[in-house]
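Reproduced below: structure34.cif, with mmCIF, C-alpha atoms.
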data_protein
loop_
_atom_site.group_PDB
_atom_site.id
_atom_site.type_symbol
_atom_site.label_atom_id
_atom_site.label_comp_id
_atom_site.auth_asym_id
_atom_site.auth_seq_id
_atom_site.Cartn_x
_atom_site.Cartn_y
_atom_site.Cartn_z
ATOM 1 C CA MET Z 3 0.000 0.000 0.000
ATOM 2 C CA ALA Z 4 1.364 3.409 -0.968
ATOM 3 C CA ASP Z 5 2.105 5.908 1.750
ATOM 4 C CA LEU Z 6 -1.062 7.818 2.537
ATOM 5 C CA ILE Z 7 0.715 10.264 4.829
ATOM 6 C CA SER Z 8 3.860 12.267 4.078
ATOM 7 C CA GLU Z 9 6.921 12.475 6.296
ATOM 8 C CA HIS Z 10 5.920 16.040 7.092
ATOM 9 C CA GLY Z 11 2.474 14.827 8.136
ATOM 10 C CA ARG Z 12 4.023 12.177 10.379
ATOM 11 C CA GLN Z 13 6.213 14.751 12.055
ATOM 12 C CA ASN Z 14 3.261 17.056 12.630
ATOM 13 C CA LEU Z 15 1.218 14.239 14.126
ATOM 14 C CA ALA Z 16 4.049 13.355 16.495
ATOM 15 C CA ARG Z 17 4.373 17.027 17.379
ATOM 16 C CA ALA Z 18 0.630 17.258 18.086
ATOM 17 C CA PHE Z 19 0.860 14.308 20.492
ATOM 18 C CA GLU Z 20 3.939 15.658 22.247
ATOM 19 C CA ARG Z 21 2.393 19.082 22.696
ATOM 20 C CA ALA Z 22 -0.836 17.578 24.039
ATOM 21 C CA ALA Z 23 1.068 15.273 26.386
ATOM 22 C CA ARG Z 24 3.128 18.140 27.791
ATOM 23 C CA GLU Z 25 -0.013 20.188 28.386
ATOM 24 C CA THR Z 26 -2.266 17.568 29.876
ATOM 25 C CA LEU Z 27 -0.435 14.598 31.419
ATOM 26 C CA ILE Z 28 1.126 16.585 34.234
ATOM 27 C CA VAL Z 29 -0.874 17.409 37.343
ATOM 28 C CA ASP Z 30 1.172 20.450 38.367
ATOM 29 C CA VAL Z 31 2.660 22.994 35.961
ATOM 30 C CA ASN Z 32 6.019 22.634 37.696
ATOM 31 C CA ASP Z 33 6.194 18.892 37.022
ATOM 32 C CA GLN Z 34 8.763 17.755 34.470
ATOM 33 C CA ILE Z 35 7.699 15.390 31.701
ATOM 34 C CA SER Z 36 10.077 13.478 29.455
ATOM 35 C CA ILE Z 37 8.784 12.012 26.184
ATOM 36 C CA GLN Z 38 11.042 9.516 24.417
ATOM 37 C CA ASP Z 39 10.485 7.461 21.291
ATOM 38 C CA SER Z 40 10.354 3.878 22.423
ATOM 39 C CA GLU Z 41 11.418 0.684 20.678
ATOM 40 C CA MET Z 42 9.551 -1.566 23.116
ATOM 41 C CA LEU Z 43 6.666 -2.050 20.766
ATOM 42 C CA PHE Z 44 3.722 -3.995 22.136
ATOM 43 C CA HIS Z 45 5.464 -5.258 25.213
ATOM 44 C CA ALA Z 46 2.594 -6.409 27.400
ATOM 45 C CA ASP Z 47 3.082 -6.787 31.113
ATOM 46 C CA PRO Z 48 0.653 -8.944 33.111
ATOM 47 C CA GLY Z 49 -1.738 -6.877 35.150
ATOM 48 C CA GLN Z 50 -1.618 -3.882 32.853
ATOM 49 C CA ALA Z 51 -4.580 -2.344 31.143
ATOM 50 C CA ILE Z 52 -4.617 -0.202 28.059
ATOM 51 C CA LEU Z 53 -6.781 2.826 27.628
ATOM 52 C CA LEU Z 54 -7.824 3.600 24.077
ATOM 53 C CA ILE Z 55 -9.332 6.751 22.590
ATOM 54 C CA THR Z 56 -10.102 7.063 18.889
ATOM 55 C CA ILE Z 57 -10.269 10.255 16.854
ATOM 56 C CA SER Z 58 -12.040 9.630 13.564
ATOM 57 C CA SER Z 59 -12.626 11.531 10.357
ATOM 58 C CA PHE Z 60 -14.093 10.340 7.082
ATOM 59 C CA THR Z 61 -10.650 9.255 5.881
ATOM 60 C CA PHE Z 62 -8.644 8.270 8.933
ATOM 61 C CA ARG Z 63 -8.773 6.869 12.420
ATOM 62 C CA LEU Z 64 -6.182 7.861 14.977
ATOM 63 C CA LEU Z 65 -5.894 5.496 17.934
ATOM 64 C CA THR Z 66 -4.129 6.815 21.006
ATOM 65 C CA ILE Z 67 -3.334 3.989 23.383
ATOM 66 C CA PHE Z 68 -2.006 4.446 26.905
ATOM 67 C CA GLN Z 69 -0.497 1.584 28.890
ATOM 68 C CA ILE Z 70 -1.105 2.115 32.569
ATOM 69 C CA ALA Z 71 0.389 -0.234 35.138
ATOM 70 C CA GLU Z 72 -1.029 -0.437 38.634
ATOM 71 C CA ALA Z 73 2.190 1.040 39.993
ATOM 72 C CA PRO Z 74 2.152 2.883 43.316
ATOM 73 C CA ALA Z 75 3.870 5.959 41.846
ATOM 74 C CA LEU Z 76 1.379 6.205 38.989
ATOM 75 C CA SER Z 77 -1.602 5.803 41.343
ATOM 76 C CA ALA Z 78 -0.218 8.301 43.819
ATOM 77 C CA TYR Z 79 0.305 10.842 41.038
ATOM 78 C CA TYR Z 80 -3.079 10.616 39.293
ATOM 79 C CA VAL Z 81 -5.468 9.357 41.975
ATOM 80 C CA ARG Z 82 -4.052 11.644 44.662
ATOM 81 C CA GLY Z 83 -5.858 9.933 47.492
ATOM 82 C CA ALA Z 84 -9.363 10.432 46.090
ATOM 83 C CA ALA Z 85 -11.446 7.960 48.063
ATOM 84 C CA GLY Z 86 -12.898 5.114 46.048
ATOM 85 C CA ARG Z 87 -11.373 6.179 42.731
ATOM 86 C CA SER Z 88 -9.305 3.696 40.750
ATOM 87 C CA LEU Z 89 -6.238 4.586 38.701
ATOM 88 C CA GLN Z 90 -8.078 3.625 35.515
ATOM 89 C CA GLU Z 91 -10.937 5.939 36.376
ATOM 90 C CA ALA Z 92 -8.642 8.827 37.242
ATOM 91 C CA PHE Z 93 -6.406 8.345 34.227
ATOM 92 C CA ALA Z 94 -9.348 8.050 31.833
ATOM 93 C CA GLU Z 95 -10.065 11.756 32.256
ATOM 94 C CA VAL Z 96 -6.373 12.622 31.876
ATOM 95 C CA ALA Z 97 -6.268 10.649 28.620
ATOM 96 C CA ASN Z 98 -9.489 12.337 27.556
ATOM 97 C CA MET Z 99 -7.864 15.734 28.079
ATOM 98 C CA CYS Z 100 -4.750 14.656 26.153
ATOM 99 C CA CYS Z 101 -6.715 13.368 23.169
ATOM 100 C CA GLY Z 102 -8.990 16.398 23.330
ATOM 101 C CA ALA Z 103 -5.895 18.574 22.923
ATOM 102 C CA ILE Z 104 -4.781 16.492 19.914
ATOM 103 C CA ASN Z 105 -8.293 16.704 18.506
ATOM 104 C CA ARG Z 106 -8.327 20.497 18.725
ATOM 105 C CA GLN Z 107 -4.988 20.732 16.936
ATOM 106 C CA LEU Z 108 -6.147 18.476 14.107
ATOM 107 C CA ALA Z 109 -9.512 20.209 13.827
ATOM 108 C CA LEU Z 110 -7.955 23.144 12.042
ATOM 109 C CA THR Z 111 -7.561 21.068 8.879
ATOM 110 C CA TRP Z 112 -10.145 18.381 9.678
ATOM 111 C CA PRO Z 113 -13.370 20.057 10.821
ATOM 112 C CA HIS Z 114 -15.480 16.888 10.929
ATOM 113 C CA LEU Z 115 -13.701 14.948 13.644
ATOM 114 C CA ALA Z 116 -15.307 12.784 16.283
ATOM 115 C CA MET Z 117 -13.649 11.537 19.448
ATOM 116 C CA SER Z 118 -14.597 8.415 21.343
ATOM 117 C CA ILE Z 119 -14.969 8.025 25.072
ATOM 118 C CA PRO Z 120 -12.045 6.237 26.801
ATOM 119 C CA GLN Z 121 -12.172 2.455 26.480
ATOM 120 C CA ILE Z 122 -10.328 0.164 28.893
ATOM 121 C CA LEU Z 123 -9.025 -2.970 27.204
ATOM 122 C CA ASP Z 124 -6.834 -5.901 28.113
ATOM 123 C CA THR Z 125 -3.200 -5.229 27.377
ATOM 124 C CA ARG Z 126 -3.075 -8.306 25.124
ATOM 125 C CA CYS Z 127 -5.058 -6.315 22.534
ATOM 126 C CA LEU Z 128 -1.822 -4.473 21.708
ATOM 127 C CA ALA Z 129 -0.624 -7.553 19.858
ATOM 128 C CA PHE Z 130 -3.313 -6.949 17.227
ATOM 129 C CA VAL Z 131 -2.528 -3.316 16.421
ATOM 130 C CA ASN Z 132 -0.567 -4.309 13.312
ATOM 131 C CA ASP Z 133 -3.648 -6.123 12.005
ATOM 132 C CA LEU Z 134 -5.163 -2.661 11.507
ATOM 133 C CA ARG Z 135 -2.443 -2.052 8.871
ATOM 134 C CA PRO Z 136 -1.544 1.375 10.247
ATOM 135 C CA GLN Z 137 0.055 3.961 8.019
ATOM 136 C CA TYR Z 138 1.802 5.437 11.014
ATOM 137 C CA LEU Z 139 2.755 3.799 14.262
ATOM 138 C CA SER Z 140 4.888 5.161 17.064
ATOM 139 C CA GLN Z 141 5.357 4.398 20.702
ATOM 140 C CA TYR Z 142 6.553 6.661 23.458
ATOM 141 C CA ALA Z 143 7.957 6.131 26.921
ATOM 142 C CA LEU Z 144 6.765 8.916 29.180
ATOM 143 C CA SER Z 145 8.254 9.817 32.512
ATOM 144 C CA ILE Z 146 7.026 12.488 34.918
ATOM 145 C CA ASN Z 147 9.425 13.781 37.560
ATOM 146 C CA GLU Z 148 11.520 10.678 36.725
ATOM 147 C CA ALA Z 149 9.164 8.634 38.910
ATOM 148 C CA VAL Z 150 5.845 8.226 37.131
ATOM 149 C CA LYS Z 151 6.178 5.983 34.076
ATOM 150 C CA LEU Z 152 3.689 5.171 31.340
ATOM 151 C CA ARG Z 153 3.695 4.310 27.671
ATOM 152 C CA ALA Z 154 1.660 5.616 24.794
ATOM 153 C CA THR Z 155 1.141 4.400 21.243
ATOM 154 C CA LEU Z 156 -0.124 6.415 18.289
ATOM 155 C CA CYS Z 157 -1.661 4.359 15.497
ATOM 156 C CA LEU Z 158 -3.004 6.040 12.370
ATOM 157 C CA CYS Z 159 -5.125 4.096 9.871
ATOM 158 C CA CYS Z 160 -6.044 5.851 6.615
ATOM 159 C CA SER Z 161 -8.442 5.002 3.834
ATOM 160 C CA ALA Z 162 -7.258 7.903 1.636
ATOM 161 C CA PRO Z 163 -4.309 10.318 1.595
ATOM 162 C CA VAL Z 164 -4.247 12.560 4.652
ATOM 163 C CA GLU Z 165 -2.034 15.492 5.486
ATOM 164 C CA PHE Z 166 -1.566 17.176 8.823
ATOM 165 C CA ALA Z 167 -0.183 20.360 7.356
ATOM 166 C CA ALA Z 168 -1.456 22.955 9.764
ATOM 167 C CA LEU Z 169 -2.051 22.507 13.462
ATOM 168 C CA ALA Z 170 -3.782 24.923 15.775
ATOM 169 C CA SER Z 171 -1.238 26.670 17.926
ATOM 170 C CA GLU Z 172 -1.478 26.917 21.677
ATOM 171 C CA ALA Z 173 -2.153 30.626 21.291
ATOM 172 C CA GLN Z 174 -5.318 29.875 19.323
ATOM 173 C CA GLU Z 175 -6.750 27.792 22.135
ATOM 174 C CA SER Z 176 -8.500 29.170 25.164
ATOM 175 C CA SER Z 177 -9.580 26.736 27.833
ATOM 176 C CA GLY Z 178 -11.486 27.014 31.054
ATOM 177 C CA GLU Z 179 -13.411 30.160 30.149
ATOM 178 C CA LEU Z 180 -17.160 30.404 29.683
ATOM 179 C CA GLU Z 181 -17.928 31.402 26.099
ATOM 180 C CA LEU Z 182 -21.498 32.683 26.045
ATOM 181 C CA PHE Z 183 -23.554 32.414 22.858
ATOM 182 C CA MET X 28 -34.045 21.018 45.236
ATOM 183 C CA ALA X 29 -30.837 21.443 43.285
ATOM 184 C CA GLN X 30 -29.978 24.513 41.222
ATOM 185 C CA ILE X 31 -27.365 22.910 38.994
ATOM 186 C CA LEU X 32 -27.105 19.517 37.295
ATOM 187 C CA VAL X 33 -23.582 18.367 36.370
ATOM 188 C CA VAL X 34 -23.527 15.601 33.732
ATOM 189 C CA ASP X 35 -20.230 13.857 33.013
ATOM 190 C CA ASP X 36 -19.191 10.222 32.665
ATOM 191 C CA SER X 37 -15.927 10.968 34.462
ATOM 192 C CA SER X 38 -16.194 10.739 38.240
ATOM 193 C CA THR X 39 -13.102 12.935 38.418
ATOM 194 C CA VAL X 40 -14.878 15.770 36.615
ATOM 195 C CA ARG X 41 -18.171 15.260 38.450
ATOM 196 C CA ASP X 42 -16.428 15.420 41.808
ATOM 197 C CA GLU X 43 -14.275 18.388 40.835
ATOM 198 C CA VAL X 44 -17.086 20.508 39.384
ATOM 199 C CA ALA X 45 -19.767 19.563 41.913
ATOM 200 C CA GLY X 46 -17.330 19.959 44.800
ATOM 201 C CA PHE X 47 -16.314 23.412 43.665
ATOM 202 C CA LEU X 48 -19.896 24.574 43.134
ATOM 203 C CA LYS X 49 -21.099 23.171 46.470
ATOM 204 C CA GLY X 50 -18.181 24.888 48.157
ATOM 205 C CA SER X 51 -19.390 28.110 46.550
ATOM 206 C CA GLY X 52 -22.810 27.745 48.124
ATOM 207 C CA LEU X 53 -24.701 26.271 45.183
ATOM 208 C CA GLU X 54 -26.979 23.217 45.299
ATOM 209 C CA VAL X 55 -25.753 20.545 42.897
ATOM 210 C CA VAL X 56 -26.865 17.138 41.673
ATOM 211 C CA THR X 57 -24.847 14.928 39.308
ATOM 212 C CA ALA X 58 -25.555 12.461 36.505
ATOM 213 C CA VAL X 59 -23.268 9.936 34.793
ATOM 214 C CA ASP X 60 -24.428 10.297 31.179
ATOM 215 C CA GLY X 61 -27.062 11.983 29.023
ATOM 216 C CA ARG X 62 -29.749 9.425 29.805
ATOM 217 C CA ASP X 63 -29.211 9.820 33.537
ATOM 218 C CA GLY X 64 -29.107 13.590 33.071
ATOM 219 C CA LEU X 65 -32.522 13.634 31.430
ATOM 220 C CA ALA X 66 -33.987 11.542 34.248
ATOM 221 C CA LYS X 67 -32.482 13.776 36.945
ATOM 222 C CA LEU X 68 -33.747 16.909 35.210
ATOM 223 C CA LYS X 69 -37.245 15.470 34.908
ATOM 224 C CA ALA X 70 -37.230 14.608 38.600
ATOM 225 C CA ASP X 71 -36.125 18.039 39.817
ATOM 226 C CA PRO X 72 -37.993 21.042 38.423
ATOM 227 C CA GLY X 73 -35.805 23.395 40.473
ATOM 228 C CA ILE X 74 -32.748 22.891 38.264
ATOM 229 C CA LYS X 75 -31.872 26.113 36.454
ATOM 230 C CA LEU X 76 -28.524 25.206 34.904
ATOM 231 C CA VAL X 77 -27.220 22.016 33.272
ATOM 232 C CA ILE X 78 -23.459 21.689 32.812
ATOM 233 C CA ALA X 79 -22.783 18.741 30.513
ATOM 234 C CA ASP X 80 -19.928 16.944 28.809
ATOM 235 C CA VAL X 81 -20.297 16.132 25.086
ATOM 236 C CA ASN X 82 -18.694 12.700 24.681
ATOM 237 C CA MET X 83 -20.439 10.260 27.008
ATOM 238 C CA PRO X 84 -21.697 6.657 26.789
ATOM 239 C CA ASN X 85 -25.381 5.749 26.343
ATOM 240 C CA MET X 86 -26.390 9.285 25.378
ATOM 241 C CA ASP X 87 -23.992 12.090 24.468
ATOM 242 C CA GLY X 88 -24.368 15.610 25.790
ATOM 243 C CA LEU X 89 -25.584 17.262 22.599
ATOM 244 C CA THR X 90 -28.280 14.639 22.095
ATOM 245 C CA MET X 91 -29.309 15.187 25.708
ATOM 246 C CA VAL X 92 -29.701 18.965 25.274
ATOM 247 C CA GLU X 93 -31.685 18.432 22.069
ATOM 248 C CA LYS X 94 -34.022 16.136 23.997
ATOM 249 C CA ILE X 95 -34.304 18.623 26.877
ATOM 250 C CA ARG X 96 -35.643 21.202 24.437
ATOM 251 C CA SER X 97 -37.725 18.902 22.237
ATOM 252 C CA GLU X 98 -38.966 15.886 24.222
ATOM 253 C CA LEU X 99 -39.073 17.503 27.674
ATOM 254 C CA GLY X 100 -40.180 20.825 26.199
ATOM 255 C CA ASN X 101 -37.995 22.543 28.790
ATOM 256 C CA GLN X 102 -37.063 25.934 27.306
ATOM 257 C CA ARG X 103 -36.224 27.578 30.645
ATOM 258 C CA VAL X 104 -33.193 25.662 31.844
ATOM 259 C CA ASN X 105 -29.797 27.101 30.875
ATOM 260 C CA LEU X 106 -27.445 24.689 29.135
ATOM 261 C CA VAL X 107 -23.639 24.904 29.206
ATOM 262 C CA MET X 108 -21.282 22.368 27.652
ATOM 263 C CA LEU X 109 -18.030 21.491 29.480
ATOM 264 C CA THR X 110 -15.923 19.457 27.077
ATOM 265 C CA THR X 111 -12.576 18.910 25.382
ATOM 266 C CA GLU X 112 -14.341 19.570 22.077
ATOM 267 C CA SER X 113 -14.186 23.014 20.501
ATOM 268 C CA SER X 114 -15.012 22.494 16.844
ATOM 269 C CA PRO X 115 -17.239 25.111 15.203
ATOM 270 C CA ASN X 116 -19.519 22.328 13.925
ATOM 271 C CA MET X 117 -20.222 21.054 17.423
ATOM 272 C CA LYS X 118 -20.759 24.560 18.759
ATOM 273 C CA GLU X 119 -23.216 25.272 15.939
ATOM 274 C CA ARG X 120 -25.134 22.108 16.784
ATOM 275 C CA GLY X 121 -25.171 23.176 20.411
ATOM 276 C CA LYS X 122 -26.362 26.674 19.594
ATOM 277 C CA ALA X 123 -29.134 25.253 17.427
ATOM 278 C CA ALA X 124 -30.253 23.135 20.386
ATOM 279 C CA GLY X 125 -30.313 26.164 22.656
ATOM 280 C CA VAL X 126 -26.970 25.779 24.395
ATOM 281 C CA LYS X 127 -26.128 29.032 26.143
ATOM 282 C CA GLY X 128 -22.424 28.617 26.772
ATOM 283 C CA TRP X 129 -19.334 26.501 26.036
ATOM 284 C CA ILE X 130 -16.311 25.749 28.204
ATOM 285 C CA VAL X 131 -13.254 23.898 26.914
ATOM 286 C CA LYS X 132 -11.811 21.663 29.639
ATOM 287 C CA PRO X 133 -9.966 21.838 31.974
ATOM 288 C CA PHE X 134 -12.530 23.262 34.392
ATOM 289 C CA LYS X 135 -11.314 26.435 36.083
ATOM 290 C CA GLY X 136 -13.940 27.186 38.686
ATOM 291 C CA ALA X 137 -12.909 30.712 39.560
ATOM 292 C CA ALA X 138 -13.071 31.737 35.895
ATOM 293 C CA VAL X 139 -16.698 30.679 35.455
ATOM 294 C CA LEU X 140 -18.335 30.993 38.862
ATOM 295 C CA GLU X 141 -19.809 34.450 38.305
ATOM 296 C CA GLY X 142 -21.231 33.354 34.954
ATOM 297 C CA PHE X 143 -22.833 30.295 36.549
ATOM 298 C CA LYS X 144 -24.353 32.395 39.341
ATOM 299 C CA LYS X 145 -25.995 34.647 36.759
ATOM 300 C CA LEU X 146 -27.379 31.610 34.956
ATOM 301 C CA VAL X 147 -29.053 30.266 38.115
ATOM 302 C CA ALA X 148 -30.303 33.659 39.361
#

In structure tokens, how does this file's structure come out?
Amino acid sequence: MADLISEHGRQNLARAFERAARETLIVDVNDQISIQDSEMLFHADPGQAILLITISSFTFRLLTIFQIAEAPALSAYYVRGAAGRSLQEAFAEVANMCCGAINRQLALTWPHLAMSIPQILDTRCLAFVNDLRPQYLSQYALSINEAVKLRATLCLCCSAPVEFAALASEAQESSGELELF
Amino acid sequence: MAQILVVDDSSTVRDEVAGFLKGSGLEVVTAVDGRDGLAKLKADPGIKLVIADVNMPNMDGLTMVEKIRSELGNQRVNLVMLTTESSPNMKERGKAAGVKGWIVKPFKGAAVLEGFKKLVA
């Protein structure tokens, strides 16, 4: 199958993820996040879950997959002692915010996007990602304050050529304010 | 009787928004999705403001607000969307359904409290 996304488009997609991750995966603005390309593709640890959110247009589907281990540091960071809340529950909203930020960046060139709710799946599902015949696949190792570790995978499946030429800049976004109609 | 109904499938968001509003002296009830939101609104005629997410299971937020206006025939309640979505298409659909305001997450209580108080006055 011919490439349906250019190298420039791939770089922009990676940039969109990295920007979204830096904005949304940290709890405190002073926290330090490191985002590294990872070669550990589809390594599945027992006891892990994956959290999947899909952004879809008429011509592509972008799957963002987070691997979240039930590690004490990860729970302490995202659950923050909230009584009765699981790590999966707490991280689902964090992932939602991250993919929402990606979605808003892509929406500049793709106005008809739809985003799924977070889906929790068994980590063994990662072994089937290649069956989707993705046009773009990348995995990241993320570390916050050198203590909180998680992994993320971006998987883009296209049915026609797509280009991520222009992305909304941070300056174009305003969040948290009430826009009255 | 509650003044505000918060509808979000995320318990994190429900707790954060409802906790902030209750701490600000407002009466709040919560719902876990659009279907639950409709039921809670039907059951409490005192609700003056609905703050709802867009992407939710069972019934999404925009479908819920369309049903509030059409099926429930409730034209009085103020509707505000609190969501990661900000596309013009979605906002247009919301406006057409009578949505009064739009907030892109994350929720920043202090930035919107005065606006909410006006909407429940």

Legend entry - Surrounding residues of Z:Gln69 excluding itself and chain neighbours under 5 positions, 10 Å, only C-alpha atoms, as a list in words: Phe44, His45, Ala46, Asp47, Gln50, Ala51, Ile52, Leu53, Leu54, Ile122, Leu123, Asp124, Thr125, Leu128, Ala143, Lys151, Leu152, Arg153, Ala154 and Thr155 of chain Z

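Omitting Z:Asn98 and its sequence neighbours fewer than 4 positions away, and counting only C-alpha atoms, the residues within 8 Å are Ile55, Ala94, Gly102, Ile119 and Pro120 of chain Z; Thr111 of chain X.
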
Legend entry - Interatomic distance, atom CA of X:Val92 to atom CA of Z:Leu64 (Å, one decimal):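 Taking atom CA of X:Val92 and atom CA of Z:Leu64, their separation equals 28.0 Å.
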
Inset, instruction - Provide as an MDAnalysis selection string the residues of chain Z at most 9 Å from chain X, counting all atoms listed in the file. - result: chainID Z and resid 84 87 91:92 94:95 98:103 105:106 109:110 113:119 175:183

Filtering to C-alpha atoms, could you give me those residues as an mmCIF file, in the coordinates of the input?
data_model
loop_
_atom_site.group_PDB
_atom_site.id
_atom_site.type_symbol
_atom_site.label_atom_id
_atom_site.label_comp_id
_atom_site.auth_asym_id
_atom_site.auth_seq_id
_atom_site.Cartn_x
_atom_site.Cartn_y
_atom_site.Cartn_z
ATOM 1 C CA ALA Z 84 -9.363 10.432 46.090
ATOM 2 C CA ARG Z 87 -11.373 6.179 42.731
ATOM 3 C CA GLU Z 91 -10.937 5.939 36.376
ATOM 4 C CA ALA Z 92 -8.642 8.827 37.242
ATOM 5 C CA ALA Z 94 -9.348 8.050 31.833
ATOM 6 C CA GLU Z 95 -10.065 11.756 32.256
ATOM 7 C CA ASN Z 98 -9.489 12.337 27.556
ATOM 8 C CA MET Z 99 -7.864 15.734 28.079
ATOM 9 C CA CYS Z 100 -4.750 14.656 26.153
ATOM 10 C CA CYS Z 101 -6.715 13.368 23.169
ATOM 11 C CA GLY Z 102 -8.990 16.398 23.330
ATOM 12 C CA ALA Z 103 -5.895 18.574 22.923
ATOM 13 C CA ASN Z 105 -8.293 16.704 18.506
ATOM 14 C CA ARG Z 106 -8.327 20.497 18.725
ATOM 15 C CA ALA Z 109 -9.512 20.209 13.827
ATOM 16 C CA LEU Z 110 -7.955 23.144 12.042
ATOM 17 C CA PRO Z 113 -13.370 20.057 10.821
ATOM 18 C CA HIS Z 114 -15.480 16.888 10.929
ATOM 19 C CA LEU Z 115 -13.701 14.948 13.644
ATOM 20 C CA ALA Z 116 -15.307 12.784 16.283
ATOM 21 C CA MET Z 117 -13.649 11.537 19.448
ATOM 22 C CA SER Z 118 -14.597 8.415 21.343
ATOM 23 C CA ILE Z 119 -14.969 8.025 25.072
ATOM 24 C CA GLU Z 175 -6.750 27.792 22.135
ATOM 25 C CA SER Z 176 -8.500 29.170 25.164
ATOM 26 C CA SER Z 177 -9.580 26.736 27.833
ATOM 27 C CA GLY Z 178 -11.486 27.014 31.054
ATOM 28 C CA GLU Z 179 -13.411 30.160 30.149
ATOM 29 C CA LEU Z 180 -17.160 30.404 29.683
ATOM 30 C CA GLU Z 181 -17.928 31.402 26.099
ATOM 31 C CA LEU Z 182 -21.498 32.683 26.045
ATOM 32 C CA PHE Z 183 -23.554 32.414 22.858
#

Please put the answer as AutoDock Vina command-line options: centre and edge lengths, in Å with one decimal, of a box along x, y and z that encloses all listed atoms of stretch 81-91 of chain Z plus 5 Å on each side.
--center_x -8.5 --center_y 7.6 --center_z 41.8 --size_x 18.8 --size_y 18.0 --size_z 22.5

Legend entry - Non-local contacts of X:Ala29 (7 Å; all atoms listed in the file; under 3 positions in same chain excluded) as a VMD selection string: chain X and resid 54 to 56 73 to 74

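Ranking X:Val59, X:Leu146, X:Ile78, X:Ala123 by their shortest atom-to-atom distance to X:Arg96, with only C-alpha atoms included, puts X:Ala123 first.
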
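By all atoms listed in the file, and with residues fewer than 2 positions from Z:Tyr138 along its chain excluded, the set lying at most 8 Å from it is Ile7, Arg12, Pro136, Ser140, Leu156, Cys157, Leu158 and Cys159 of chain Z.
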
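Considering the residues X:Leu106, X:Met28, X:Met91, X:Arg120 and counting only C-alpha atoms, X:Ala66 has its shortest atom-to-atom contact with X:Met91.
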
Inset, instruction - Could you jot down the atom CA of X:Ile95 to atom CA of X:Val44 separation for me, Å, one decimal place? - result: 21.4 Å

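Using all atoms listed in the file, the nearest neighbour of Z:Gln38 within the list Z:Ile57, Z:Ala16, Z:Ala162, Z:Ile70 is Z:Ala16.
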
Inset, instruction - Could you list the residues chosen by the PyMOL selection byres ((chain Z and resi 89) around 8) in this structure as a list of chain:residue names? - result: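 With the PyMOL selection byres ((chain Z and resi 89) around 8) on this model, the match is Z:Glu72, Z:Leu76, Z:Ser77, Z:Tyr80, Z:Val81, Z:Arg87, Z:Ser88, Z:Gln90, Z:Glu91, Z:Ala92, Z:Phe93.
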
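In this structure, atom CA of Z:Val96 sits 9.1 Å away from atom CA of Z:Val29.
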
Legend entry - Residue contacts of Z:Thr61 (8 Å, all atoms listed in the file) excluding same-chain residues fewer than 2 positions away, as a PyMOL selection string: chain Z and resi 58-59+63+160-164

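Of the residues listed (Z:Gln107, Z:Thr56, Z:Thr66, Z:Gln121), Z:Thr66 shows the shortest atom-to-atom separation from Z:Gln141; distances use all atoms listed in the file.
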
Inset, instruction - Name the closest residue to X:Gly88 among the candidates X:Leu53, X:Val147, X:Ile31, X:Ala58; distances are taken between atoms, counting only C-alpha atoms. - result: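 Among X:Leu53, X:Val147, X:Ile31, X:Ala58, it is X:Ala58 that comes nearest to X:Gly88.
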
Inset, instruction - Counting all atoms listed in the file, figure out which residue out of Z:Val150, Z:Leu108, Z:Ile37, Z:Leu139 gets nearest to Z:Ala71. - result: Z:Val150

Inset, instruction - Might you spell out which residues the PyMOL selection byres ((chain X and resi 64) around 9) would select in the displayed file, as a list in words? - result: Leu32, Val33, Val34, Asp35, Thr57, Ala58, Val59, Asp60, Gly61, Arg62, Asp63, Leu65, Ala66, Lys67, Leu68, Lys69, Val77, Ala79, Gly88 and Met91 of chain X
